[in-house]
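As stored in data-v9.txt (compact mmCIF, C-alpha atoms (C1' of nucleotides)):
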```txt
# COMPACT_ATOMS: atom_id res chain seq x y z
CA MET A 26 -18.52 70.01 52.24
CA GLY A 27 -15.68 68.16 50.52
CA GLU A 28 -16.52 68.38 46.84
CA LEU A 29 -14.69 65.37 45.43
CA SER A 30 -13.50 66.30 41.99
CA THR A 31 -12.36 62.88 40.94
CA THR A 32 -12.60 61.78 37.34
CA LEU A 33 -15.62 59.71 38.26
CA ASN A 34 -17.43 62.70 39.72
CA LYS A 35 -16.55 64.91 36.80
CA LEU A 36 -17.76 62.17 34.48
CA LEU A 37 -21.09 61.93 36.26
CA ASP A 38 -21.44 65.71 36.18
CA VAL A 39 -20.83 66.08 32.48
CA ALA A 40 -22.93 63.04 31.66
CA GLU A 41 -25.88 64.27 33.70
CA SER A 42 -25.64 67.64 32.08
CA SER A 43 -25.52 66.18 28.58
CA VAL A 44 -28.39 63.76 29.08
CA ARG A 45 -30.60 66.40 30.66
CA LEU A 46 -29.90 68.73 27.77
CA ARG A 47 -30.04 66.41 24.79
CA GLY A 48 -31.34 62.98 25.80
CA TYR A 49 -30.01 59.45 26.14
CA HIS A 50 -29.25 58.61 22.53
CA ALA A 51 -27.75 61.99 21.69
CA VAL A 52 -24.95 61.44 24.20
CA SER A 53 -21.92 59.32 23.39
CA PHE A 54 -19.02 58.01 25.45
CA ARG A 55 -16.62 59.64 23.00
CA GLU A 56 -18.10 63.04 23.60
CA LEU A 57 -18.10 62.70 27.37
CA ALA A 58 -14.48 61.57 27.23
CA ASP A 59 -13.56 64.59 25.11
CA ASP A 60 -15.17 66.90 27.66
CA LEU A 61 -12.96 65.43 30.36
CA GLY A 62 -9.82 65.21 28.24
CA ILE A 63 -9.68 61.43 28.46
CA LYS A 64 -10.42 58.59 26.03
CA SER A 65 -13.71 56.77 25.60
CA SER A 66 -12.14 53.51 26.76
CA SER A 67 -11.52 55.20 30.11
CA VAL A 68 -15.20 55.98 30.36
CA HIS A 69 -15.92 52.30 29.74
CA HIS A 70 -13.59 51.56 32.66
CA TYR A 71 -16.07 53.25 34.98
CA PHE A 72 -19.23 52.11 33.22
CA PRO A 73 -18.86 49.11 30.92
CA ARG A 74 -22.14 49.79 29.16
CA LYS A 75 -24.07 52.96 28.53
CA GLU A 76 -27.00 51.73 30.58
CA ASP A 77 -24.69 51.33 33.59
CA LEU A 78 -23.84 54.99 33.35
CA ALA A 79 -27.50 55.98 33.03
CA VAL A 80 -28.48 53.91 36.06
CA ALA A 81 -25.68 55.49 38.12
CA LEU A 82 -26.81 58.91 36.96
CA LEU A 83 -30.37 58.23 38.04
CA ARG A 84 -29.28 56.88 41.39
CA ARG A 85 -27.20 59.94 42.15
CA TYR A 86 -29.85 62.33 40.86
CA SER A 87 -32.57 60.72 42.93
CA ASP A 88 -30.44 60.59 46.08
CA ASN A 89 -29.44 64.22 45.71
CA PHE A 90 -33.01 65.30 45.08
CA PHE A 91 -34.60 63.65 48.09
CA THR A 92 -31.68 64.57 50.33
CA GLU A 93 -31.99 68.20 49.27
CA LEU A 94 -35.74 68.06 49.87
CA GLU A 95 -35.26 66.94 53.46
CA ALA A 96 -32.37 69.33 54.06
CA GLN A 97 -34.47 72.30 52.95
CA CYS A 98 -37.38 71.13 55.09
CA GLU A 99 -35.08 70.93 58.10
CA LYS A 100 -33.83 74.43 57.44
CA LEU A 101 -37.32 75.91 57.26
CA ARG A 102 -38.83 73.91 60.10
CA ALA A 103 -42.45 75.06 59.60
CA PRO A 104 -44.23 71.76 58.99
CA ASN A 105 -46.76 72.99 56.45
CA THR A 106 -44.32 74.32 53.91
CA ARG A 107 -43.07 70.96 52.65
CA LEU A 108 -44.91 71.44 49.38
CA SER A 109 -43.39 74.86 48.77
CA VAL A 110 -39.98 73.32 49.47
CA HIS A 111 -40.70 70.83 46.70
CA PHE A 112 -41.49 73.66 44.28
CA LYS A 113 -38.40 75.55 45.38
CA VAL A 114 -36.00 72.61 45.00
CA TYR A 115 -37.31 71.84 41.51
CA ARG A 116 -37.11 75.45 40.53
CA GLU A 117 -33.51 75.74 41.73
CA SER A 118 -32.61 72.66 39.74
CA LEU A 119 -34.19 74.07 36.59
CA VAL A 120 -33.07 77.67 36.82
CA THR A 121 -29.54 77.31 38.13
CA THR A 122 -28.64 74.48 35.77
CA GLN A 123 -30.82 75.75 32.90
CA LYS A 124 -31.68 72.12 32.27
CA PHE A 125 -34.67 69.83 32.23
CA CYS A 126 -35.14 67.20 34.96
CA LEU A 127 -33.10 64.05 34.26
CA CYS A 128 -36.09 61.85 34.93
CA GLY A 129 -38.40 63.97 32.82
CA MET A 130 -36.05 63.51 29.89
CA LEU A 131 -35.59 59.77 30.39
CA GLY A 132 -39.26 59.35 31.22
CA ALA A 133 -40.17 60.81 27.85
CA GLU A 134 -37.66 58.54 26.13
CA SER A 135 -38.62 55.51 28.21
CA GLY A 136 -39.90 53.58 25.18
CA GLY A 137 -36.45 53.66 23.62
CA ILE A 138 -33.98 53.14 26.46
CA PRO A 139 -32.75 49.97 28.21
CA GLU A 140 -35.29 48.45 30.56
CA VAL A 141 -33.21 48.94 33.74
CA VAL A 142 -32.98 52.63 33.00
CA GLY A 143 -36.71 52.96 32.46
CA GLU A 144 -37.36 51.14 35.72
CA ALA A 145 -35.12 53.53 37.64
CA VAL A 146 -37.03 56.47 36.17
CA SER A 147 -40.33 54.91 37.12
CA GLU A 148 -39.03 54.42 40.66
CA PHE A 149 -38.12 58.10 40.88
CA PHE A 150 -41.61 59.18 39.95
CA LYS A 151 -43.19 56.79 42.41
CA LYS A 152 -40.99 58.15 45.22
CA ASN A 153 -41.59 61.71 44.12
CA VAL A 154 -45.36 61.29 44.08
CA ALA A 155 -45.22 59.55 47.47
CA TRP A 156 -43.21 62.44 48.93
CA VAL A 157 -45.70 65.02 47.68
CA ASP A 158 -48.56 62.82 48.86
CA GLU A 159 -47.19 62.93 52.40
CA ALA A 160 -46.77 66.68 52.18
CA LEU A 161 -50.46 67.14 51.37
CA PRO A 162 -52.99 67.87 54.16
CA SER A 163 -54.08 64.68 55.88
CA SER A 164 -57.62 66.00 55.89
CA LEU A 165 -57.91 64.86 52.29
CA SER A 166 -58.89 61.30 51.44
CA ALA A 167 -56.08 58.97 50.42
CA ALA A 168 -57.44 58.81 46.88
CA ASP A 169 -57.68 62.60 46.60
CA ARG A 170 -54.20 63.06 48.00
CA ASN A 171 -52.79 60.58 45.51
CA ARG A 172 -54.49 62.26 42.58
CA LYS A 173 -53.33 65.68 43.74
CA ALA A 174 -49.79 64.44 44.22
CA GLN A 175 -49.72 62.96 40.72
CA HIS A 176 -51.14 66.21 39.36
CA ILE A 177 -48.53 68.33 41.10
CA VAL A 178 -45.59 66.23 39.92
CA ALA A 179 -46.98 66.04 36.39
CA ALA A 180 -47.58 69.79 36.22
CA MET A 181 -44.02 70.52 37.34
CA GLN A 182 -42.55 68.09 34.84
CA GLY A 183 -44.67 69.55 32.06
CA ALA A 184 -43.78 73.05 33.19
CA MET A 185 -40.06 72.29 33.06
CA MET A 186 -40.43 70.68 29.66
CA MET A 187 -42.35 73.61 28.20
CA ALA A 188 -40.01 76.14 29.79
CA SER A 189 -36.89 74.44 28.45
CA SER A 190 -38.49 73.84 25.05
CA GLN A 191 -39.44 77.50 24.74
CA LYS A 192 -36.24 78.62 26.45
CA ASP A 193 -38.27 80.76 28.78
CA PHE A 194 -38.06 79.86 32.43
CA LYS A 195 -40.73 82.36 33.40
CA ILE A 196 -43.15 79.78 32.01
CA PHE A 197 -42.19 77.48 34.84
CA ASP A 198 -42.83 80.14 37.47
CA ASN A 199 -46.20 81.08 35.98
CA ILE A 200 -47.37 77.49 35.99
CA VAL A 201 -46.22 76.88 39.54
CA ARG A 202 -47.90 80.07 40.65
CA ASP A 203 -51.20 78.87 39.21
CA LEU A 204 -50.61 75.41 40.60
CA VAL A 205 -50.09 76.85 44.07
CA ALA A 206 -53.18 79.03 43.69
CA THR A 207 -55.45 76.15 42.68
CA GLN A 208 -54.01 73.80 45.31
CA GLU A 209 -54.20 76.48 47.98
CA VAL A 210 -50.89 75.44 49.44
CA MET B 6 -62.45 60.40 4.40
CA GLY B 7 -60.13 59.18 1.66
CA GLU B 8 -57.34 57.48 3.65
CA LEU B 9 -54.44 57.77 1.24
CA SER B 10 -52.15 54.85 1.88
CA THR B 11 -49.30 56.06 -0.27
CA THR B 12 -45.72 55.30 0.64
CA LEU B 13 -45.38 58.87 1.86
CA ASN B 14 -48.31 58.50 4.23
CA LYS B 15 -47.15 55.15 5.51
CA LEU B 16 -43.72 56.64 6.03
CA LEU B 17 -45.11 59.52 8.06
CA ASP B 18 -47.21 57.09 10.10
CA VAL B 19 -44.36 54.80 11.02
CA ALA B 20 -42.00 57.71 11.63
CA GLU B 21 -44.44 59.47 13.93
CA SER B 22 -45.03 56.28 15.83
CA SER B 23 -41.31 55.61 16.24
CA VAL B 24 -40.42 59.13 17.34
CA ARG B 25 -43.29 59.30 19.83
CA LEU B 26 -42.20 55.99 21.29
CA ARG B 27 -38.44 56.28 21.37
CA GLY B 28 -37.36 59.83 20.53
CA TYR B 29 -35.61 61.64 17.70
CA HIS B 30 -32.13 60.16 17.92
CA ALA B 31 -33.33 56.60 18.50
CA VAL B 32 -35.02 56.55 15.09
CA SER B 33 -33.07 55.89 11.91
CA PHE B 34 -33.96 56.08 8.23
CA ARG B 35 -32.82 52.47 7.85
CA GLU B 36 -35.30 51.26 10.41
CA LEU B 37 -38.18 53.25 8.96
CA ALA B 38 -37.34 51.89 5.52
CA ASP B 39 -37.31 48.33 6.86
CA ASP B 40 -40.74 48.83 8.39
CA LEU B 41 -42.08 49.82 4.97
CA GLY B 42 -40.15 47.21 3.00
CA ILE B 43 -38.17 49.83 1.11
CA LYS B 44 -34.58 51.08 1.23
CA SER B 45 -33.27 54.00 3.26
CA SER B 46 -32.33 55.85 0.09
CA SER B 47 -36.02 55.86 -0.78
CA VAL B 48 -36.77 57.56 2.50
CA HIS B 49 -34.19 60.20 1.59
CA HIS B 50 -36.11 60.72 -1.63
CA TYR B 51 -39.05 62.04 0.41
CA PHE B 52 -37.02 63.80 3.07
CA PRO B 53 -33.40 64.59 2.20
CA ARG B 54 -32.41 65.17 5.81
CA LYS B 55 -33.76 63.81 9.05
CA GLU B 56 -34.80 67.24 10.21
CA ASP B 57 -36.98 67.60 7.10
CA LEU B 58 -38.86 64.49 8.15
CA ALA B 59 -39.25 65.76 11.72
CA VAL B 60 -40.58 69.12 10.55
CA ALA B 61 -43.09 67.37 8.26
CA LEU B 62 -44.11 65.15 11.16
CA LEU B 63 -44.71 68.15 13.41
CA ARG B 64 -46.65 69.98 10.75
CA ARG B 65 -48.98 67.03 10.17
CA TYR B 66 -49.33 66.33 13.89
CA SER B 67 -50.19 69.91 14.71
CA ASP B 68 -52.66 70.23 11.81
CA ASN B 69 -54.38 67.00 12.78
CA PHE B 70 -54.56 68.00 16.41
CA PHE B 71 -56.15 71.41 15.95
CA THR B 72 -58.44 70.12 13.20
CA GLU B 73 -59.63 67.33 15.47
CA LEU B 74 -60.14 69.81 18.29
CA GLU B 75 -62.44 71.94 16.16
CA ALA B 76 -64.22 68.94 14.67
CA GLN B 77 -65.04 67.58 18.12
CA CYS B 78 -66.22 70.98 19.27
CA GLU B 79 -68.53 71.20 16.26
CA LYS B 80 -69.94 67.80 17.05
CA LEU B 81 -70.72 68.67 20.65
CA ARG B 82 -71.94 72.18 20.05
CA ALA B 83 -72.27 73.22 23.71
CA PRO B 84 -69.96 76.24 23.87
CA ASN B 85 -68.63 75.68 27.39
CA THR B 86 -67.22 72.22 26.83
CA ARG B 87 -64.25 73.23 24.72
CA LEU B 88 -61.87 72.45 27.55
CA SER B 89 -63.27 68.97 28.05
CA VAL B 90 -62.90 68.41 24.31
CA HIS B 91 -59.22 69.29 24.70
CA PHE B 92 -58.85 66.70 27.45
CA LYS B 93 -60.72 64.12 25.39
CA VAL B 94 -58.70 64.61 22.21
CA TYR B 95 -55.41 64.32 24.11
CA ARG B 96 -56.65 61.26 25.94
CA GLU B 97 -57.71 59.58 22.71
CA SER B 98 -54.30 60.29 21.23
CA LEU B 99 -52.55 58.77 24.24
CA VAL B 100 -54.75 55.77 24.88
CA THR B 101 -55.57 54.61 21.38
CA THR B 102 -52.01 54.96 20.15
CA GLN B 103 -50.39 54.01 23.50
CA LYS B 104 -47.86 56.72 22.76
CA PHE B 105 -46.61 59.97 24.18
CA CYS B 106 -47.37 63.28 22.46
CA LEU B 107 -44.97 63.96 19.58
CA CYS B 108 -44.33 67.48 20.82
CA GLY B 109 -43.86 66.36 24.40
CA MET B 110 -41.13 64.02 23.25
CA LEU B 111 -39.42 66.55 21.00
CA GLY B 112 -39.95 69.29 23.55
CA ALA B 113 -38.01 67.26 26.10
CA GLU B 114 -35.26 66.61 23.57
CA SER B 115 -35.26 70.18 22.29
CA GLY B 116 -31.71 70.85 23.48
CA GLY B 117 -30.39 68.14 21.19
CA ILE B 118 -32.37 68.40 17.97
CA PRO B 119 -31.99 70.66 14.92
CA GLU B 120 -33.12 74.21 15.52
CA VAL B 121 -35.96 74.15 12.97
CA VAL B 122 -37.44 71.15 14.71
CA GLY B 123 -37.28 72.79 18.12
CA GLU B 124 -38.94 75.90 16.72
CA ALA B 125 -41.83 73.87 15.31
CA VAL B 126 -42.33 72.26 18.72
CA SER B 127 -42.31 75.63 20.42
CA GLU B 128 -44.92 76.85 17.91
CA PHE B 129 -47.16 73.91 18.75
CA PHE B 130 -47.09 74.73 22.44
CA LYS B 131 -47.80 78.40 21.81
CA LYS B 132 -50.84 77.48 19.67
CA ASN B 133 -51.96 74.87 22.17
CA VAL B 134 -51.79 77.29 25.09
CA ALA B 135 -53.58 79.94 23.03
CA TRP B 136 -56.38 77.48 22.19
CA VAL B 137 -56.88 76.57 25.85
CA ASP B 138 -56.69 80.23 26.80
CA GLU B 139 -59.63 81.00 24.52
CA ALA B 140 -61.55 78.07 25.97
CA LEU B 141 -61.25 79.49 29.48
CA PRO B 142 -64.01 81.69 30.96
CA SER B 143 -63.65 85.29 29.83
CA SER B 144 -64.51 86.38 33.36
CA LEU B 145 -60.88 85.69 34.26
CA SER B 146 -58.20 88.29 33.74
CA ALA B 147 -55.97 87.85 30.72
CA ALA B 148 -52.99 87.11 32.97
CA ASP B 149 -54.90 84.51 34.98
CA ARG B 150 -56.24 82.88 31.83
CA ASN B 151 -52.76 82.64 30.40
CA ARG B 152 -51.33 81.12 33.55
CA LYS B 153 -54.18 78.65 33.78
CA ALA B 154 -53.79 77.70 30.13
CA GLN B 155 -50.07 77.07 30.58
CA HIS B 156 -50.83 75.04 33.68
CA ILE B 157 -53.39 72.87 31.90
CA VAL B 158 -51.17 72.14 28.92
CA ALA B 159 -48.18 71.44 31.18
CA ALA B 160 -50.18 69.13 33.45
CA MET B 161 -51.43 67.13 30.47
CA GLN B 162 -47.95 66.83 29.01
CA GLY B 163 -46.54 65.74 32.33
CA ALA B 164 -49.43 63.35 32.82
CA MET B 165 -48.79 61.71 29.46
CA MET B 166 -45.09 61.46 30.17
CA MET B 167 -45.60 59.88 33.58
CA ALA B 168 -48.27 57.53 32.27
CA SER B 169 -46.14 56.32 29.38
CA SER B 170 -43.04 56.10 31.57
CA GLN B 171 -44.86 53.98 34.13
CA LYS B 172 -46.82 52.17 31.43
CA ASP B 173 -50.03 52.91 33.28
CA PHE B 174 -52.51 55.08 31.45
CA LYS B 175 -54.80 55.32 34.46
CA ILE B 176 -52.26 57.83 35.75
CA PHE B 177 -53.28 60.17 32.96
CA ASP B 178 -56.95 59.89 33.82
CA ASN B 179 -56.33 60.47 37.51
CA ILE B 180 -54.34 63.60 36.84
CA VAL B 181 -56.89 64.99 34.41
CA ARG B 182 -59.65 64.24 36.91
CA ASP B 183 -57.86 66.29 39.54
CA LEU B 184 -57.04 68.98 37.01
CA VAL B 185 -60.71 69.28 36.08
CA ALA B 186 -61.70 69.35 39.75
CA THR B 187 -59.30 72.15 40.62
CA GLN B 188 -60.07 74.16 37.50
CA GLU B 189 -63.80 73.62 37.99
CA VAL B 190 -64.36 73.13 34.27
C1' DG C 2 -40.06 56.29 -7.02
C1' DT C 3 -37.16 52.73 -6.02
C1' DC C 4 -32.98 50.51 -6.29
C1' DT C 5 -27.60 49.42 -5.78
C1' DA C 6 -23.54 51.06 -4.30
C1' DT C 7 -20.85 53.64 -1.65
C1' DA C 8 -18.83 57.03 1.40
C1' DA C 9 -17.56 59.38 5.66
C1' DT C 10 -18.52 59.40 10.35
C1' DT C 11 -19.98 57.86 14.68
C1' DT C 12 -21.17 54.54 17.97
C1' DG C 13 -20.91 51.12 21.72
C1' DA C 14 -17.73 48.09 23.06
C1' DT C 15 -13.29 45.00 23.90
C1' DA C 16 -8.32 43.41 24.33
C1' DG C 17 -4.28 44.26 26.11
C1' DA C 18 -0.05 47.36 27.08
C1' DC C 19 1.76 50.65 30.54
C1' DG D 23 -6.78 54.31 35.77
C1' DT D 24 -5.47 55.58 31.41
C1' DC D 25 -3.91 54.63 27.02
C1' DT D 26 -3.52 52.63 21.93
C1' DA D 27 -5.55 49.92 18.79
C1' DT D 28 -9.17 47.84 16.91
C1' DC D 29 -13.89 46.18 15.76
C1' DA D 30 -18.39 45.36 13.95
C1' DA D 31 -22.32 47.68 13.36
C1' DA D 32 -25.05 51.59 12.55
C1' DT D 33 -25.95 56.21 10.92
C1' DT D 34 -26.67 60.15 7.87
C1' DA D 35 -26.29 60.93 3.71
C1' DT D 36 -25.14 61.11 -1.89
C1' DA D 37 -24.58 59.60 -6.85
C1' DG D 38 -26.40 57.47 -10.40
C1' DA D 39 -28.81 53.33 -12.76
C1' DC D 40 -33.48 51.51 -13.89
```

So, in terms of structure tokens, how does the structure I just supplied come out?
Amino acid sequence: MGELSTTLNKLLDVAESSVRLRGYHAVSFRELADDLGIKSSSVHHYFPRKEDLAVALLRRYSDNFFTELEAQCEKLRAPNTRLSVHFKVYRESLVTTQKFCLCGMLGAESGGIPEVVGEAVSEFFKKNVAWVDEALPSSLSAADRNRKAQHIVAAMQGAMMMASSQKDFKIFDNIVRDLVATQEV
Amino acid sequence: MGELSTTLNKLLDVAESSVRLRGYHAVSFRELADDLGIKSSSVHHYFPRKEDLAVALLRRYSDNFFTELEAQCEKLRAPNTRLSVHFKVYRESLVTTQKFCLCGMLGAESGGIPEVVGEAVSEFFKKNVAWVDEALPSSLSAADRNRKAQHIVAAMQGAMMMASSQKDFKIFDNIVRDLVATQEV
DNA sequence: GTCTATAATTTGATAGAC
DNA sequence: GTCTATCAAATTATAGAC
């Protein structure tokens, strides 16, 4: 699984980590450069403006997320567990990285970030809701499925936010457990 | 009823609005001062450091929120509608101000803000969950009530975030509708 | 309580050498 | 692709006059 550890990849890694932890405006090119042992002008070589970096971050994050979703579904095979795969992938992302969702962070800050960045976040949520929608039983009406899908994504985002705010990741598990119970997944 | 329109109150108003819209690090004393037609040094007169302002903001926000919750409950009287009052008060806050919850914003950013500010946010969520917990039917076990309360608060936070990120406040209503349906409030 | 003045630092960004 | 050098602007503050 050739992990390319180029400067670009390391830059994206440290940038994603920083934004997920502290938010868009708390992260500076200088700081990212320091983390990599390069200069901030080198960061500008990859991403002329900060919003370019954020858009690249969102693109990679979204691609990884939906790819991982499908990969885990493939691995499990049983067709009715797609929703539990969604919970699992989110949980892994939260617990192993100890960080909030990139889109949850930028979604919260959407009133204060460049428009292209906010649009990419909005796209992620639309795709995410659509994915959950498809994973829901087709016996439900389209309107009910959509509402449920929005509810599930919102609850997980809120759960991650509260867990990371209170530095207690058990909060996330408790909320998902209740979510699963009420949705009868 | 005495709406005190002192400089201090106007400052808190504009600061709350700015932070809820754009986040902690996107807001500067200079900008707040400009909004009020004063100088940034005058803002420092009220709040020496930025974190002092944020803590004052959280204190006022939390006080207003729980006061409003009780006031609305008094007005309605029926003892079993406390949960719907919670939904209503949050909705009012979102829709009339067109802004995300102050604590949702700072909760997301909690990894990058001063510790005292993060602690105040965490306090708000603990109180909020406790309030919802008490509003839940006492027929439930304490553990179930707690999980459900966490779920409800998380879902509403996520709903507000997604609604404000996608600039579509109907998203909030849809999620709450499904939340109410599954909780059978 | 508000101002002027100022300071030290950081920030996002660019030009151009190697 | 990385660096040095530089910039203009912004940011968090402080000291002290009025």

Checklist entry - What residues in chain D have any atom no more than 12 Å from chain A when counting all atoms listed in the file, and can you write them as a PyMOL selection string? => result chain D and resi 23-28

Can you sort out the box for segment 2-7 of chain C, edges along x, y and z, all listed atoms in, 5 Å on every side, with centre and edge lengths in Å to one decimal, as lines of an AutoDock Vina configuration file?
```
center_x = -30.5
center_y = 52.9
center_z = -4.3
size_x = 29.2
size_y = 16.9
size_z = 15.4
```

Compile the contact shell of segment 174-183 of chain B as an mmCIF file with C-alpha atoms, in the frame of the given file: residues with an atom at most 6 Å away, counting all atoms listed in the file, same-chain residues fewer than 3 positions apart removed.
```cif
data_model
loop_
_atom_site.group_PDB
_atom_site.id
_atom_site.type_symbol
_atom_site.label_atom_id
_atom_site.label_comp_id
_atom_site.auth_asym_id
_atom_site.auth_seq_id
_atom_site.Cartn_x
_atom_site.Cartn_y
_atom_site.Cartn_z
ATOM 1 C CA ARG A 172 -54.490 62.260 42.580
ATOM 2 C CA HIS A 176 -51.140 66.210 39.360
ATOM 3 C CA ALA B 164 -49.430 63.350 32.820
ATOM 4 C CA MET B 165 -48.790 61.710 29.460
ATOM 5 C CA ALA B 168 -48.270 57.530 32.270
ATOM 6 C CA ALA B 186 -61.700 69.350 39.750
#
```

What are the nearest atom pairs, with distances in Å to one decimal, for all residues of chain B that come at most 8 Å from chain A, using only C-alpha atoms, set out by chain and rising residue number as a Markdown table?
```
| residue | atom | partner | partner_atom | distance |
| --- | --- | --- | --- | --- |
| B:Leu26 | CA | A:Gly136 | CA | 5.1 |
| B:Arg27 | CA | A:Gly137 | CA | 4.0 |
| B:Gly28 | CA | A:Glu134 | CA | 5.8 |
| B:His30 | CA | A:His50 | CA | 5.7 |
| B:Ala31 | CA | A:His50 | CA | 6.1 |
| B:Phe105 | CA | A:Ala133 | CA | 7.5 |
| B:Gly109 | CA | A:Ala133 | CA | 7.5 |
| B:Met110 | CA | A:Ala133 | CA | 5.7 |
| B:Gly112 | CA | A:Ser190 | CA | 5.0 |
| B:Ala113 | CA | A:Met186 | CA | 5.5 |
| B:Glu114 | CA | A:Arg47 | CA | 5.4 |
| B:Ser115 | CA | A:Ser190 | CA | 5.6 |
| B:Gly116 | CA | A:Arg47 | CA | 4.9 |
| B:Gly117 | CA | A:Arg47 | CA | 4.0 |
| B:Ile118 | CA | A:Arg47 | CA | 7.5 |
| B:Gly123 | CA | A:Ser190 | CA | 7.1 |
| B:Val126 | CA | A:Ser190 | CA | 7.6 |
| B:Ser127 | CA | A:Gln191 | CA | 5.5 |
| B:Phe130 | CA | A:Met187 | CA | 7.5 |
| B:Asp149 | CA | A:Asp203 | CA | 8.0 |
| B:Arg152 | CA | A:Asn199 | CA | 5.7 |
| B:Lys153 | CA | A:Asp203 | CA | 6.2 |
| B:Gln155 | CA | A:Ile200 | CA | 6.1 |
| B:His156 | CA | A:Ile200 | CA | 4.8 |
| B:Ile157 | CA | A:Ala180 | CA | 7.9 |
| B:Val158 | CA | A:Gly183 | CA | 7.7 |
| B:Ala159 | CA | A:Gly183 | CA | 4.1 |
| B:Ala160 | CA | A:Ala180 | CA | 3.9 |
| B:Met161 | CA | A:Gly183 | CA | 7.4 |
| B:Gln162 | CA | A:Gly183 | CA | 5.2 |
| B:Gly163 | CA | A:Ala179 | CA | 4.1 |
| B:Ala164 | CA | A:Ala179 | CA | 5.1 |
| B:Met166 | CA | A:Ala133 | CA | 5.5 |
| B:Met167 | CA | A:Gly132 | CA | 6.8 |
| B:Ser169 | CA | A:Ala133 | CA | 7.6 |
| B:Ser170 | CA | A:Gly132 | CA | 5.0 |
| B:Gln171 | CA | A:Ser147 | CA | 5.5 |
| B:Ile176 | CA | A:Gln175 | CA | 7.6 |
| B:Asn179 | CA | A:Arg172 | CA | 5.7 |
| B:Ile180 | CA | A:His176 | CA | 4.8 |
| B:Val181 | CA | A:His176 | CA | 7.7 |
| B:Arg182 | CA | A:Arg172 | CA | 7.9 |
| B:Asp183 | CA | A:Arg172 | CA | 6.1 |
| B:Leu184 | CA | A:His176 | CA | 6.9 |
| B:Thr187 | CA | A:Thr207 | CA | 5.9 |
| B:Gln188 | CA | A:Thr207 | CA | 7.2 |
```

Checklist entry - What are the residues of chain A that have an atom within 10 Å of an atom of chain C, counting only C-alpha atoms (C1' of nucleotides), as number ranges by chain? => result A: 53-55, 65-66, 69, 73-75

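Here the question is which of A:Val110, A:Val142, A:Val120, A:Leu57 gets nearest to Trp156 of chain A using only C-alpha atoms, and that residue is A:Val110.
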
Next on the checklist: What's the separation between atom CA of Ala147 of chain B and atom CA of Ser67 of chain B, in Å to one decimal place?
Outcome noted: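 About the pair atom CA of Ala147 of chain B and atom CA of Ser67 of chain B: they are 24.7 Å apart.
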
Item to check | atom CA of Phe112 of chain A to atom CA of Leu37 of chain A, straight-line distance in Å | outcome: 24.9 Å

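Atom CA of Glu93 of chain A sits 18.3 Å away from atom CA of Asn34 of chain A.
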
Next on the checklist: With only C-alpha atoms (C1' of nucleotides) as the counted atoms, please give the residues lying no more than 12 Å from Phe71 of chain B, apart from itself and same-chain residues fewer than 2 positions off, as a list of chain:residue names.
Outcome noted: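 Listed by chain and then number, they are B:Arg64, B:Arg65, B:Tyr66, B:Ser67, B:Asp68, B:Asn69, B:Glu73, B:Leu74, B:Glu75, B:Ala76, B:Gln77, B:Cys78, B:Val90, B:His91, B:Val94, B:Tyr95, B:Phe129, B:Phe130, B:Lys132, B:Asn133, B:Val134, B:Ala135, B:Trp136, B:Val137.
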
When you get a chance, write out N, CA, C and O atoms for segment 68-75 of chain A, as a PDB file, in the frame of the given file.
```
ATOM      1  N   VAL A  68     -13.819  55.871  29.891  1.00  0.00           N
ATOM      2  CA  VAL A  68     -15.200  55.980  30.360  1.00  0.00           C
ATOM      3  C   VAL A  68     -15.773  54.579  30.559  1.00  0.00           C
ATOM      4  O   VAL A  68     -16.462  54.311  31.550  1.00  0.00           O
ATOM      5  N   HIS A  69     -15.442  53.679  29.615  1.00  0.00           N
ATOM      6  CA  HIS A  69     -15.920  52.300  29.740  1.00  0.00           C
ATOM      7  C   HIS A  69     -15.325  51.607  30.984  1.00  0.00           C
ATOM      8  O   HIS A  69     -15.878  50.634  31.482  1.00  0.00           O
ATOM      9  N   HIS A  70     -14.172  52.112  31.454  1.00  0.00           N
ATOM     10  CA  HIS A  70     -13.590  51.560  32.660  1.00  0.00           C
ATOM     11  C   HIS A  70     -14.518  51.783  33.862  1.00  0.00           C
ATOM     12  O   HIS A  70     -14.664  50.910  34.725  1.00  0.00           O
ATOM     13  N   TYR A  71     -15.152  52.956  33.886  1.00  0.00           N
ATOM     14  CA  TYR A  71     -16.070  53.250  34.980  1.00  0.00           C
ATOM     15  C   TYR A  71     -17.434  52.602  34.772  1.00  0.00           C
ATOM     16  O   TYR A  71     -18.031  52.065  35.704  1.00  0.00           O
ATOM     17  N   PHE A  72     -17.905  52.668  33.537  1.00  0.00           N
ATOM     18  CA  PHE A  72     -19.230  52.110  33.220  1.00  0.00           C
ATOM     19  C   PHE A  72     -19.143  51.292  31.940  1.00  0.00           C
ATOM     20  O   PHE A  72     -19.154  51.865  30.843  1.00  0.00           O
ATOM     21  N   PRO A  73     -19.037  49.981  32.090  1.00  0.00           N
ATOM     22  CA  PRO A  73     -18.860  49.110  30.920  1.00  0.00           C
ATOM     23  C   PRO A  73     -19.869  49.411  29.814  1.00  0.00           C
ATOM     24  O   PRO A  73     -19.481  49.579  28.661  1.00  0.00           O
ATOM     25  N   ARG A  74     -21.129  49.495  30.179  1.00  0.00           N
ATOM     26  CA  ARG A  74     -22.140  49.790  29.160  1.00  0.00           C
ATOM     27  C   ARG A  74     -22.825  51.116  29.442  1.00  0.00           C
ATOM     28  O   ARG A  74     -22.837  51.614  30.567  1.00  0.00           O
ATOM     29  N   LYS A  75     -23.431  51.652  28.415  1.00  0.00           N
ATOM     30  CA  LYS A  75     -24.070  52.960  28.530  1.00  0.00           C
ATOM     31  C   LYS A  75     -25.190  52.917  29.568  1.00  0.00           C
ATOM     32  O   LYS A  75     -25.396  53.889  30.300  1.00  0.00           O
TER      33      LYS A  75
END
```
